[in-house]
>>> print(open('coords.csv').read())   # CSV, C-alpha atoms and all ligand atoms
chain,number,residue,atom,x,y,z
A,1,MET,CA,281.4,-63.5,-103.3
A,2,ILE,CA,282.1,-62.8,-106.9
A,3,ASP,CA,279.0,-61.2,-108.5
A,4,GLN,CA,278.8,-62.9,-111.9
A,5,LYS,CA,276.0,-60.5,-113.1
A,6,ARG,CA,278.1,-57.4,-112.3
A,7,LEU,CA,281.1,-59.0,-113.9
A,8,LEU,CA,279.2,-59.7,-117.1
A,9,ARG,CA,277.5,-56.3,-117.1
A,10,ARG,CA,280.9,-54.5,-116.7
A,11,THR,CA,282.6,-56.7,-119.4
A,12,THR,CA,279.8,-55.6,-121.8
A,13,GLU,CA,280.0,-51.9,-120.7
A,14,LEU,CA,283.8,-51.8,-121.1
A,15,ALA,CA,283.6,-53.4,-124.6
A,16,GLN,CA,281.4,-50.6,-125.8
A,17,ILE,CA,284.4,-48.3,-125.6
A,18,GLY,CA,286.2,-48.6,-128.9
A,19,GLY,CA,284.0,-51.6,-129.7
A,20,SER,CA,281.8,-52.6,-132.6
A,21,GLY,CA,280.0,-56.0,-132.3
A,22,ALA,CA,282.4,-58.5,-130.8
A,23,ALA,CA,285.4,-56.5,-132.1
A,24,VAL,CA,287.3,-54.0,-129.9
A,25,SER,CA,289.8,-51.5,-131.3
A,26,ARG,CA,291.0,-49.6,-128.2
A,27,LEU,CA,294.5,-48.6,-128.9
A,28,GLY,CA,297.0,-47.7,-126.2
A,29,LEU,CA,297.3,-44.0,-125.3
A,30,SER,CA,294.1,-43.2,-127.2
A,31,ALA,CA,291.1,-41.3,-126.0
A,32,ASP,CA,289.2,-44.6,-125.9
A,33,GLU,CA,291.8,-46.2,-123.6
A,34,GLN,CA,291.5,-43.1,-121.4
A,35,ARG,CA,287.7,-43.5,-121.2
A,36,ALA,CA,288.1,-47.1,-120.3
A,37,ARG,CA,290.5,-46.1,-117.5
A,38,ASP,CA,288.1,-43.4,-116.3
A,39,LEU,CA,285.2,-45.9,-116.1
A,40,VAL,CA,287.3,-48.4,-114.1
A,41,GLY,CA,288.5,-45.6,-111.8
A,42,THR,CA,284.8,-44.7,-111.1
A,43,TRP,CA,284.0,-48.2,-110.1
A,44,LEU,CA,287.0,-48.3,-107.7
A,45,SER,CA,286.6,-44.9,-106.2
A,46,ALA,CA,283.0,-45.7,-105.4
A,47,LYS,CA,284.4,-48.6,-103.4
A,48,GLY,CA,286.6,-46.3,-101.4
A,49,ALA,CA,289.9,-46.6,-103.3
A,50,GLN,CA,292.4,-43.8,-103.7
A,51,VAL,CA,292.6,-43.5,-107.5
A,52,ARG,CA,295.5,-41.8,-109.4
A,53,ARG,CA,297.1,-41.8,-112.8
A,54,ASP,CA,300.8,-41.7,-113.3
A,55,ALA,CA,303.0,-40.0,-116.0
A,56,ALA,CA,302.7,-42.9,-118.3
A,57,ALA,CA,298.8,-42.9,-118.1
A,58,ASN,CA,298.7,-46.0,-115.9
A,59,LEU,CA,295.7,-46.1,-113.5
A,60,PHE,CA,296.3,-47.1,-109.8
A,61,ALA,CA,293.5,-47.6,-107.2
A,62,ARG,CA,294.8,-48.2,-103.7
A,63,PHE,CA,292.9,-49.8,-100.9
A,64,GLY,CA,294.6,-49.4,-97.5
A,65,GLY,CA,297.4,-47.2,-96.2
A,66,GLU,CA,301.1,-47.5,-95.7
A,67,GLY,CA,303.4,-50.4,-96.4
A,68,GLU,CA,304.4,-52.8,-99.2
A,69,ALA,CA,301.4,-53.3,-101.4
A,70,ILE,CA,300.0,-56.2,-103.4
A,71,LEU,CA,299.5,-55.0,-107.0
A,72,VAL,CA,296.9,-56.7,-109.1
A,73,GLY,CA,295.7,-55.9,-112.6
A,74,SER,CA,296.3,-56.0,-116.4
A,75,HIS,CA,295.8,-53.6,-119.3
A,76,LEU,CA,292.8,-51.9,-121.0
A,77,ASP,CA,294.1,-51.4,-124.6
A,78,SER,CA,293.6,-53.8,-127.4
A,79,VAL,CA,295.1,-54.6,-130.8
A,80,PRO,CA,293.2,-53.2,-133.8
A,81,GLU,CA,290.1,-55.4,-134.3
A,82,GLY,CA,290.9,-57.4,-131.2
A,83,GLY,CA,288.4,-58.9,-128.7
A,84,ARG,CA,286.9,-57.8,-125.4
A,85,PHE,CA,289.0,-60.0,-123.1
A,86,ASP,CA,292.7,-59.6,-123.8
A,87,GLY,CA,293.8,-57.4,-120.9
A,88,ALA,CA,290.4,-56.1,-120.0
A,89,LEU,CA,289.4,-59.4,-118.3
A,90,GLY,CA,292.4,-59.1,-115.9
A,91,VAL,CA,291.3,-55.6,-114.9
A,92,LEU,CA,287.7,-56.6,-114.6
A,93,CYS,CA,288.5,-59.6,-112.4
A,94,ALA,CA,290.9,-57.6,-110.2
A,95,VAL,CA,288.1,-55.0,-109.6
A,96,GLU,CA,285.7,-57.8,-108.9
A,97,ALA,CA,288.1,-59.6,-106.5
A,98,LEU,CA,288.6,-56.4,-104.6
A,99,GLU,CA,284.9,-55.6,-104.5
A,100,SER,CA,284.2,-59.0,-103.1
A,101,LEU,CA,286.9,-58.6,-100.4
A,102,VAL,CA,285.6,-55.1,-99.4
A,103,ASP,CA,282.0,-56.3,-99.4
A,104,ALA,CA,283.0,-59.2,-97.1
A,105,GLU,CA,284.8,-56.8,-94.8
A,106,VAL,CA,288.0,-58.9,-95.0
A,107,ARG,CA,290.7,-57.2,-93.0
A,108,LEU,CA,293.9,-56.9,-95.1
A,109,ARG,CA,297.2,-56.2,-93.3
A,110,ARG,CA,298.8,-55.0,-96.5
A,111,PRO,CA,297.5,-52.3,-98.9
A,112,VAL,CA,296.2,-53.7,-102.2
A,113,GLU,CA,296.4,-51.7,-105.5
A,114,VAL,CA,294.5,-52.4,-108.7
A,115,VAL,CA,296.4,-51.3,-111.8
A,116,ALA,CA,295.3,-50.8,-115.4
A,117,TRP,CA,298.6,-50.6,-117.4
A,118,ALA,CA,298.6,-48.2,-120.4
A,119,ASP,CA,299.4,-49.4,-123.9
A,120,GLU,CA,300.4,-53.1,-123.3
A,121,GLU,CA,300.0,-54.0,-127.0
A,122,GLY,CA,302.2,-51.4,-128.5
A,123,ALA,CA,299.9,-51.4,-131.6
A,124,ARG,CA,300.1,-47.7,-132.2
A,125,PHE,CA,303.7,-46.8,-131.4
A,126,GLY,CA,305.4,-50.2,-131.6
A,127,VAL,CA,306.4,-50.2,-128.0
A,128,GLY,CA,304.7,-53.1,-126.1
A,129,LEU,CA,304.3,-53.3,-122.3
A,130,PHE,CA,304.7,-49.5,-122.4
A,131,GLY,CA,303.0,-48.5,-119.1
A,132,SER,CA,304.5,-51.3,-117.0
A,133,ALA,CA,307.9,-50.7,-118.5
A,134,ALA,CA,307.6,-47.0,-117.5
A,135,SER,CA,306.5,-47.9,-114.0
A,136,PHE,CA,309.4,-50.3,-113.4
A,137,GLY,CA,312.0,-48.1,-115.1
A,138,ARG,CA,312.5,-50.4,-118.0
A,139,LEU,CA,311.6,-48.1,-120.9
A,140,ALA,CA,314.3,-47.8,-123.6
A,141,PRO,CA,315.9,-44.3,-123.8
A,142,GLY,CA,314.2,-41.9,-126.2
A,143,VAL,CA,311.0,-43.9,-126.4
A,144,ALA,CA,308.8,-40.8,-125.8
A,145,ASP,CA,309.9,-39.6,-129.3
A,146,ARG,CA,308.5,-42.6,-131.1
A,147,ARG,CA,305.8,-41.7,-133.6
A,148,ASP,CA,302.7,-43.4,-134.8
A,149,ARG,CA,301.7,-43.5,-138.5
A,150,ASP,CA,300.2,-40.0,-138.3
A,151,GLY,CA,303.5,-38.5,-136.9
A,152,VAL,CA,302.2,-38.1,-133.3
A,153,SER,CA,304.8,-39.0,-130.7
A,154,ILE,CA,304.3,-40.8,-127.5
A,155,ALA,CA,305.1,-37.6,-125.6
A,156,GLU,CA,302.4,-35.7,-127.6
A,157,ALA,CA,299.9,-38.5,-127.1
A,158,LEU,CA,300.5,-38.4,-123.3
A,159,ARG,CA,300.1,-34.6,-123.3
A,160,ALA,CA,296.8,-35.0,-125.2
A,161,LEU,CA,295.7,-37.2,-122.2
A,162,GLY,CA,296.7,-34.4,-119.7
A,163,GLU,CA,300.1,-35.8,-118.7
A,164,ARG,CA,303.4,-33.9,-119.0
A,165,GLY,CA,304.8,-36.1,-121.8
A,166,ASP,CA,307.6,-37.7,-119.8
A,167,PRO,CA,306.7,-41.4,-119.2
A,168,ALA,CA,310.0,-42.1,-117.4
A,169,ALA,CA,308.6,-40.0,-114.5
A,170,ALA,CA,306.2,-42.8,-113.9
A,171,ARG,CA,309.0,-44.9,-112.3
A,172,ARG,CA,308.2,-46.2,-108.9
A,173,ASP,CA,310.3,-48.2,-106.5
A,174,PRO,CA,309.7,-51.9,-106.8
A,175,ALA,CA,310.5,-52.3,-103.1
A,176,GLU,CA,307.1,-50.7,-102.5
A,177,LEU,CA,305.5,-53.9,-103.8
A,178,ALA,CA,305.2,-57.2,-101.9
A,179,ALA,CA,303.8,-59.0,-105.0
A,180,TYR,CA,302.2,-58.5,-108.4
A,181,LEU,CA,299.3,-60.7,-109.6
A,182,GLU,CA,297.8,-60.7,-113.1
A,183,LEU,CA,294.8,-62.7,-114.5
A,184,HIS,CA,294.6,-63.0,-118.3
A,185,ILE,CA,292.9,-65.1,-120.9
A,186,GLU,CA,295.2,-67.9,-122.1
A,187,GLN,CA,295.2,-66.8,-125.7
A,188,GLY,CA,296.1,-70.3,-126.8
A,189,PRO,CA,294.1,-73.6,-127.0
A,190,ARG,CA,295.6,-75.6,-124.2
A,191,LEU,CA,293.1,-75.1,-121.4
A,192,ASP,CA,290.2,-75.4,-123.8
A,193,GLY,CA,291.8,-78.6,-125.1
A,194,ALA,CA,292.2,-80.0,-121.6
A,195,GLY,CA,288.7,-79.0,-120.6
A,196,LEU,CA,290.0,-76.8,-117.7
A,197,PRO,CA,288.9,-73.3,-116.8
A,198,LEU,CA,292.1,-72.1,-115.2
A,199,GLY,CA,295.9,-72.4,-115.4
A,200,ILE,CA,298.9,-71.0,-113.7
A,201,VAL,CA,301.8,-69.4,-115.7
A,202,SER,CA,305.2,-70.8,-115.0
A,203,ASP,CA,307.2,-68.8,-117.6
A,204,ILE,CA,306.7,-66.2,-120.2
A,205,VAL,CA,308.5,-66.3,-123.5
A,206,GLY,CA,311.3,-63.9,-124.5
A,207,ILE,CA,310.1,-61.3,-127.0
A,208,TYR,CA,312.1,-59.3,-129.6
A,209,HIS,CA,310.4,-56.6,-131.6
A,210,ALA,CA,312.1,-54.6,-134.4
A,211,ARG,CA,311.4,-52.6,-137.5
A,212,VAL,CA,313.5,-53.6,-140.5
A,213,THR,CA,314.1,-51.1,-143.3
A,214,ILE,CA,315.3,-52.5,-146.6
A,215,ARG,CA,316.7,-50.0,-149.1
A,216,GLY,CA,317.2,-51.1,-152.7
A,217,ARG,CA,316.7,-48.9,-155.7
A,218,ALA,CA,313.5,-47.8,-157.4
A,219,ASP,CA,313.6,-48.3,-161.1
A,220,HIS,CA,311.2,-48.5,-164.1
A,221,ALA,CA,309.4,-51.8,-164.0
A,222,GLY,CA,309.5,-52.2,-167.8
A,223,ALA,CA,312.9,-50.8,-168.7
A,224,THR,CA,315.0,-52.4,-166.0
A,225,VAL,CA,316.2,-55.9,-166.8
A,226,MET,CA,316.0,-58.5,-164.0
A,227,THR,CA,319.7,-58.7,-163.5
A,228,ALA,CA,320.1,-55.0,-162.9
A,229,ARG,CA,317.6,-54.6,-160.1
A,230,ALA,CA,317.9,-54.0,-156.4
A,231,ASP,CA,314.3,-54.8,-155.5
A,232,ALA,CA,313.7,-54.1,-151.8
A,233,LEU,CA,310.4,-56.1,-151.7
A,234,ALA,CA,311.9,-59.2,-153.3
A,235,ALA,CA,314.7,-59.0,-150.7
A,236,ALA,CA,312.2,-58.5,-147.9
A,237,SER,CA,310.1,-61.5,-149.1
A,238,GLU,CA,313.2,-63.7,-149.0
A,239,MET,CA,313.8,-62.4,-145.4
A,240,VAL,CA,310.2,-63.2,-144.4
A,241,LEU,CA,310.6,-66.8,-145.6
A,242,ALA,CA,314.0,-67.0,-143.7
A,243,VAL,CA,312.2,-65.9,-140.5
A,244,GLU,CA,309.7,-68.7,-141.0
A,245,ARG,CA,312.3,-71.3,-141.8
A,246,ILE,CA,314.6,-70.4,-138.9
A,247,ALA,CA,311.7,-70.3,-136.3
A,248,ARG,CA,310.4,-73.6,-137.6
A,249,GLY,CA,313.8,-75.2,-137.2
A,250,ARG,CA,314.2,-74.2,-133.5
A,251,ALA,CA,312.5,-75.7,-130.5
A,252,ASP,CA,309.7,-73.6,-128.8
A,253,SER,CA,310.3,-70.7,-131.2
A,254,VAL,CA,308.0,-68.5,-133.3
A,255,GLY,CA,308.7,-65.7,-135.7
A,256,THR,CA,306.2,-63.4,-137.4
A,257,VAL,CA,306.3,-60.6,-139.9
A,258,GLY,CA,302.9,-59.0,-139.3
A,259,GLU,CA,303.4,-55.6,-141.1
A,260,ILE,CA,305.0,-54.6,-144.3
A,261,ALA,CA,305.0,-51.4,-146.3
A,262,VAL,CA,306.6,-50.7,-149.7
A,263,ARG,CA,307.8,-47.5,-151.2
A,264,PRO,CA,307.1,-45.8,-153.5
A,265,GLY,CA,304.3,-48.4,-154.0
A,266,ALA,CA,303.2,-48.4,-157.6
A,267,LYS,CA,302.7,-51.4,-159.9
A,268,ASN,CA,305.2,-50.1,-162.5
A,269,VAL,CA,308.0,-49.2,-160.2
A,270,VAL,CA,310.6,-51.6,-158.8
A,271,PRO,CA,310.2,-51.2,-155.0
A,272,GLY,CA,313.0,-49.0,-153.7
A,273,GLU,CA,312.2,-49.5,-150.0
A,274,ALA,CA,310.4,-52.0,-147.8
A,275,VAL,CA,309.8,-51.7,-144.1
A,276,PHE,CA,308.6,-54.7,-142.1
A,277,SER,CA,308.1,-55.7,-138.5
A,278,LEU,CA,309.8,-58.5,-136.7
A,279,ASP,CA,308.3,-60.4,-133.7
A,280,LEU,CA,310.5,-63.2,-132.5
A,281,ARG,CA,309.7,-65.3,-129.4
A,282,ALA,CA,311.1,-68.4,-127.7
A,283,ALA,CA,310.7,-70.2,-124.5
A,284,ARG,CA,314.4,-71.0,-124.4
A,285,ASP,CA,317.5,-69.7,-126.1
A,286,HIS,CA,315.7,-66.6,-127.2
A,287,ASP,CA,319.0,-64.8,-127.8
A,288,GLY,CA,320.0,-67.6,-130.2
A,289,LEU,CA,316.8,-67.2,-132.2
A,290,VAL,CA,317.3,-63.4,-132.5
A,291,ARG,CA,320.9,-63.8,-133.5
A,292,GLU,CA,320.1,-66.4,-136.2
A,293,VAL,CA,317.3,-64.3,-137.7
A,294,LEU,CA,319.3,-61.1,-137.8
A,295,ASP,CA,322.2,-63.0,-139.4
A,296,GLY,CA,319.7,-64.3,-142.0
A,297,VAL,CA,318.5,-60.8,-142.7
A,298,THR,CA,322.0,-59.5,-143.2
A,299,SER,CA,323.0,-62.3,-145.4
A,300,VAL,CA,320.0,-61.9,-147.7
A,301,ALA,CA,320.7,-58.2,-147.9
A,302,SER,CA,324.3,-58.7,-149.0
A,303,SER,CA,323.4,-61.4,-151.5
A,304,ARG,CA,320.8,-59.1,-153.1
A,305,GLY,CA,322.7,-55.9,-153.0
A,306,VAL,CA,320.3,-54.0,-150.7
A,307,THR,CA,320.9,-52.6,-147.2
A,308,ALA,CA,319.0,-53.6,-144.1
A,309,THR,CA,318.7,-51.3,-141.1
A,310,ILE,CA,317.4,-52.9,-137.9
A,311,ASP,CA,315.7,-50.7,-135.4
A,312,GLU,CA,315.2,-52.6,-132.2
A,313,LEU,CA,312.0,-51.7,-130.4
A,314,ALA,CA,311.9,-54.0,-127.5
A,315,ARG,CA,313.7,-57.0,-126.1
A,316,VAL,CA,312.3,-58.8,-123.1
A,317,PRO,CA,314.1,-62.0,-121.9
A,318,VAL,CA,312.4,-65.3,-121.0
A,319,THR,CA,310.7,-64.6,-117.7
A,320,SER,CA,310.2,-67.2,-114.9
A,321,LEU,CA,307.4,-66.4,-112.5
A,322,ASP,CA,307.9,-66.7,-108.7
A,323,PRO,CA,307.7,-70.3,-107.4
A,324,LYS,CA,306.2,-69.3,-104.1
A,325,ILE,CA,303.5,-67.2,-105.7
A,326,ARG,CA,302.8,-70.1,-108.0
A,327,GLU,CA,302.2,-72.2,-104.9
A,328,VAL,CA,299.8,-69.5,-103.6
A,329,LEU,CA,298.0,-69.5,-106.9
A,330,LYS,CA,297.8,-73.3,-106.8
A,331,ARG,CA,296.1,-73.2,-103.5
A,332,ALA,CA,293.8,-70.3,-104.6
A,333,THR,CA,292.7,-72.2,-107.7
A,334,LYS,CA,292.3,-75.5,-105.8
A,335,SER,CA,290.0,-73.8,-103.4
A,336,VAL,CA,287.6,-73.0,-106.3
A,337,GLY,CA,287.7,-76.6,-107.3
A,338,VAL,CA,290.2,-76.4,-110.1
A,339,GLU,CA,293.4,-78.5,-110.6
A,340,ALA,CA,295.1,-75.8,-112.6
A,341,PRO,CA,298.0,-76.9,-114.7
A,342,GLU,CA,301.2,-74.9,-115.1
A,343,LEU,CA,301.6,-73.4,-118.6
A,344,VAL,CA,304.3,-71.4,-120.5
A,345,SER,CA,302.9,-68.2,-121.9
A,346,GLY,CA,303.6,-67.6,-125.6
A,347,ALA,CA,302.1,-64.1,-125.3
A,348,GLY,CA,303.9,-61.2,-123.6
A,349,HIS,CA,302.5,-59.7,-120.5
A,350,ASP,CA,303.0,-56.7,-118.3
A,351,ALA,CA,303.8,-59.2,-115.5
A,352,GLN,CA,307.3,-59.5,-117.2
A,353,ASN,CA,308.3,-56.0,-116.0
A,354,PRO,CA,307.7,-56.5,-112.3
A,355,ALA,CA,309.1,-60.0,-112.4
A,356,LEU,CA,312.3,-58.8,-114.1
A,357,SER,CA,312.5,-56.0,-111.5
A,358,GLY,CA,312.6,-58.4,-108.6
A,359,VAL,CA,308.9,-58.2,-107.6
A,360,ARG,CA,307.4,-61.6,-106.7
A,361,THR,CA,305.0,-62.2,-109.6
A,362,GLY,CA,302.4,-64.7,-110.6
A,363,MET,CA,299.7,-65.1,-113.3
A,364,ILE,CA,296.4,-66.9,-113.6
A,365,PHE,CA,295.2,-67.9,-117.0
A,366,VAL,CA,291.5,-68.2,-117.8
A,367,ARG,CA,290.4,-70.5,-120.7
A,368,SER,CA,289.7,-68.7,-124.0
A,369,THR,CA,287.7,-70.7,-126.5
A,370,GLY,CA,288.6,-68.5,-129.5
A,371,GLY,CA,292.3,-67.8,-129.2
A,372,SER,CA,293.1,-64.1,-129.0
A,373,HIS,CA,293.9,-60.9,-130.9
A,374,THR,CA,290.7,-61.5,-132.8
A,375,PRO,CA,287.0,-60.7,-132.0
A,376,ARG,CA,286.6,-64.5,-131.6
A,377,GLU,CA,288.4,-64.6,-128.3
A,378,PHE,CA,286.0,-65.6,-125.6
A,379,ALA,CA,286.0,-66.3,-121.9
A,380,SER,CA,282.7,-67.4,-120.3
A,381,VAL,CA,281.5,-65.4,-117.3
A,382,GLU,CA,281.5,-68.7,-115.3
A,383,ASP,CA,285.2,-69.2,-116.0
A,384,ALA,CA,286.0,-65.6,-115.4
A,385,ALA,CA,284.2,-65.7,-112.1
A,386,LEU,CA,286.2,-68.7,-111.0
A,387,GLY,CA,289.4,-66.8,-112.0
A,388,ALA,CA,288.2,-63.7,-110.0
A,389,GLN,CA,287.5,-65.8,-107.0
A,390,ALA,CA,290.9,-67.5,-107.2
A,391,LEU,CA,292.5,-64.1,-107.5
A,392,ALA,CA,290.6,-62.9,-104.4
A,393,ASN,CA,291.7,-66.0,-102.5
A,394,ALA,CA,295.3,-65.3,-103.5
A,395,ILE,CA,295.1,-61.6,-102.5
A,396,ARG,CA,293.6,-62.6,-99.2
A,397,GLU,CA,296.5,-65.0,-98.5
A,398,LEU,CA,299.2,-62.6,-99.6
A,399,ALA,CA,297.7,-59.5,-97.9
A,400,SER,CA,296.5,-60.8,-94.5
A,501,LIG,C1,300.6,-59.2,-126.5
A,501,LIG,O1,299.5,-59.7,-126.5
A,501,LIG,C2,301.7,-59.9,-127.2
A,501,LIG,O2,302.0,-61.0,-126.7
A,501,LIG,O3,302.1,-59.4,-128.2
A,502,MN,MN,297.4,-58.9,-126.5
A,503,MN,MN,297.2,-58.9,-123.1
>>> encode(input="coords.csv", output="structure tokens", more="lines below")
Ligand code: GLV
Ligand code: MN
Ligand code: MN
Amino acid sequence: MIDQKRLLRRTTELAQIGGSGAAVSRLGLSADEQRARDLVGTWLSAKGAQVRRDAAANLFARFGGEGEAILVGSHLDSVPEGGRFDGALGVLCAVEALESLVDAEVRLRRPVEVVAWADEEGARFGVGLFGSAASFGRLAPGVADRRDRDGVSIAEALRALGERGDPAAARRDPAELAAYLELHIEQGPRLDGAGLPLGIVSDIVGIYHARVTIRGRADHAGATVMTARADALAAASEMVLAVERIARGRADSVGTVGEIAVRPGAKNVVPGEAVFSLDLRAARDHDGLVREVLDGVTSVASSRGVTATIDELARVPVTSLDPKIREVLKRATKSVGVEAPELVSGAGHDAQNPALSGVRTGMIFVRSTGGSHTPREFASVEDAALGAQALANAIRELAS
């Protein structure tokens, strides 16, 4: 039986780490993320799990011995000023599902591992799905040298957490895994709109992340006539609008510039450099979207006499989740009384890494009434408990 009181208590306890009011700022590979991992590890070792951390700071807690395991979990980091449910709810419900199975003395033929992936959001270093990418051997080369705004590299951040600084050493053989399950808040409005507590993910959008550096020429803002300028910010602005226009013109596509910085950054200097982020997602023809946007950036750069350097940070293709696991999740949600619809996820998830590595993967969505990546995100404990029970049912079917 899922213990709603315990689930609520732990949700609140976890949210204190890096939290202030409803907001949580618990960045990946930070000391706060580590404290969250330690707390989850304590709960699970008290239940008899073998708890370990790998070279990418992922936490694994294993129940049972040899053989292909069922892996179940999500992430514990958040975006800056995010909420308490994105990622954390998936770990909390995985813990709760396992506790309920252990308490009921359910005999599992396969081992089951709970995982808390490190740095899913990539808010600090720009590398999303970090821990799961490391575990499935999908990190881009040289990633450990990426630096945050304070000049700290991923390798250094890992060393500060007691690791060796070599995240690629976290790689494990996907053949050790019989399946991967992840529960997550929906982050969009569809379940709420349909009045349903749970959904099942069919596909996850393709995601492209890049940092674009525009170099023009810094000049005196009073003494430089308009026709003689190479204004990096004006060029970047035209590119931002091109991203919006292109994404609007394509089916099932979104494009976002969420960060921009200007140098030297003074009101009386024509901007010499602008650096902005690119987040491009599509449920189909993701490559086409990326190509069209990059062509747009290049053509604005040449028409404005500036240069554009594109530093690709991540590229994850559209990911279909396993049809058989979707059937298992269908039964698992039905047995808690929910006719769960299939949904495409517009958010990226750690589940993409196992799925793209050939592990049979499935995801349950729990209704969120306030979207996500803001303190407004909210999943009721009743909905979360239904999700945790469905997860427990699915683990039971897959592991016994
Ligand atoms: C993670 O939440 C993402 O989709 O960016
Ligand atoms: Mn997120
Ligand atoms: Mn998430």
>>> closest_residue(input="coords.csv", among="A:Gly65, A:Pro354, A:Gly371, A:Gly337", to="ligand LIG 501 (chain A)", atoms="all atoms listed in the file")
A:Gly371
>>> residues_near_ligand(input="coords.csv", ligand="ligand LIG 501 (chain A)", cutoff="6 Å", atoms="only C-alpha atoms and all ligand atoms", output="ChimeraX atom specification")
/A:121,347-348
>>> closest_residue(input="coords.csv", among="A:Glu342, A:Glu259, A:Asp231, A:Asp295", to="Ile246 in chain A", atoms="all atoms listed in the file")
A:Asp295
>>> closest_atom_pairs(input="coords.csv", of="range 257-343 of chain A", to="range 188-206 of chain A", cutoff="7 Å", atoms="all atoms listed in the file", output="CSV")
residue,atom,partner,partner_atom,distance
A:Arg281,CA,A:Gly206,CA,5.3
A:Ala282,CA,A:Val205,CA,5.4
A:Ala283,CA,A:Val205,CA,4.6
A:His286,CA,A:Gly206,CA,5.8
A:Val316,CA,A:Gly206,CA,5.4
A:Pro317,CA,A:Gly206,CA,4.3
A:Val318,CA,A:Gly206,CA,3.9
A:Thr319,CA,A:Ile204,CA,5.0
A:Ser320,CA,A:Asp203,CA,4.3
A:Leu321,CA,A:Ser202,CA,5.5
A:Arg326,CA,A:Ile200,CA,7.0
A:Val338,CA,A:Leu198,CA,6.9
A:Ala340,CA,A:Gly199,CA,4.5
A:Pro341,CA,A:Gly199,CA,5.0
A:Glu342,CA,A:Ile200,CA,4.7
A:Leu343,CA,A:Val201,CA,4.9
>>> atom_distance(input="coords.csv", atom1="CA of Ser357 in chain A", atom2="atom MN of ligand MN 502 (chain A)")
21.5 Å
>>> residues_near_ligand(input="coords.csv", ligand="ligand MN 503 (chain A)", cutoff="6 Å", atoms="only C-alpha atoms and all ligand atoms", output="JSON, numbers by chain")
{"A": [86, 87, 349]}
>>> residues_around(input="coords.csv", residues="Gly83 in chain A", least_positions_apart="5", cutoff="10 Å", atoms="only C-alpha atoms", output="MDAnalysis selection string")
chainID A and resid 15 19:26 78 88 370:378
>>> residues_around(input="coords.csv", residues="Leu280 in chain A", least_positions_apart="5", cutoff="7 Å", atoms="only C-alpha atoms", output="MDAnalysis selection string")
chainID A and resid 207:209 254:256 290
>>> residues_around(input="coords.csv", residues="Ala97 in chain A", least_positions_apart="2", cutoff="9 Å", atoms="all atoms listed in the file", output="MDAnalysis selection string")
chainID A and resid 1:2 92:95 99:102 388:393 395
>>> residues_around(input="coords.csv", residues="range 232-235 of chain A", least_positions_apart="4", cutoff="9 Å", atoms="all atoms listed in the file", output="count of residues only")
22
>>> closest_residue(input="coords.csv", among="A:Arg84, A:Lys267, A:Arg367, A:Arg52", to="Leu8 in chain A", atoms="all atoms listed in the file")
A:Arg84
>>> residues_around(input="coords.csv", residues="Arg62 in chain A", least_positions_apart="2", cutoff="10 Å", atoms="all atoms listed in the file", output="ChimeraX atom specification")
/A:44-45,48-52,60,64-65,69-71,111-115
>>> atom_distance(input="coords.csv", atom1="CA of Ile260 in chain A", atom2="CA of Ala236 in chain A")
8.9 Å
>>> atom_distance(input="coords.csv", atom1="CA of Val336 in chain A", atom2="CA of Ile364 in chain A")
13.0 Å
>>> residues_near_point(input="coords.csv", point="(289.9, -66.9, -122.2)", cutoff="6 Å", atoms="all atoms listed in the file", output="JSON list (two decimals) with C-alpha atoms, keeping the file's coordinate frame")
[["chain", "number", "residue", "atom", "x", "y", "z"],
["A", 185, "ILE", "CA", 292.90, -65.10, -120.90],
["A", 186, "GLU", "CA", 295.20, -67.90, -122.10],
["A", 366, "VAL", "CA", 291.50, -68.20, -117.80],
["A", 367, "ARG", "CA", 290.40, -70.50, -120.70],
["A", 368, "SER", "CA", 289.70, -68.70, -124.00],
["A", 378, "PHE", "CA", 286.00, -65.60, -125.60],
["A", 379, "ALA", "CA", 286.00, -66.30, -121.90]]
>>> closest_residue(input="coords.csv", among="A:Arg248, A:Arg147, A:His75, A:Arg124", to="ligand MN 502 (chain A)", atoms="all atoms listed in the file")
A:His75
>>> closest_residue(input="coords.csv", among="A:Phe125, A:Trp43, A:Phe63, A:Phe365", to="Ala144 in chain A", atoms="only C-alpha atoms")
A:Phe125
>>> decode(input="coords.csv", residues="range 43-49 of chain A", atoms="N, CA and C atoms", output="short mmCIF file (atom, residue, chain, number, x, y, z; two decimals), in the first residue's frame")
data_model
loop_
_atom_site.label_atom_id
_atom_site.label_comp_id
_atom_site.auth_asym_id
_atom_site.auth_seq_id
_atom_site.Cartn_x
_atom_site.Cartn_y
_atom_site.Cartn_z
N TRP A 43 16.81 6.78 3.10
CA TRP A 43 15.50 6.10 3.11
C TRP A 43 15.64 4.68 2.56
N LEU A 44 16.41 4.57 1.45
CA LEU A 44 16.45 3.28 0.77
C LEU A 44 17.34 2.27 1.48
N SER A 45 18.44 2.74 2.06
CA SER A 45 19.27 1.76 2.78
C SER A 45 18.54 1.27 4.03
N ALA A 46 17.72 2.14 4.62
CA ALA A 46 16.93 1.68 5.78
C ALA A 46 15.96 0.57 5.39
N LYS A 47 15.66 0.49 4.10
CA LYS A 47 14.72 -0.54 3.61
C LYS A 47 15.47 -1.77 3.11
N GLY A 48 16.80 -1.76 3.26
CA GLY A 48 17.58 -2.94 2.89
C GLY A 48 18.23 -2.90 1.53
N ALA A 49 18.20 -1.74 0.87
CA ALA A 49 18.82 -1.66 -0.46
C ALA A 49 20.33 -1.48 -0.35
#
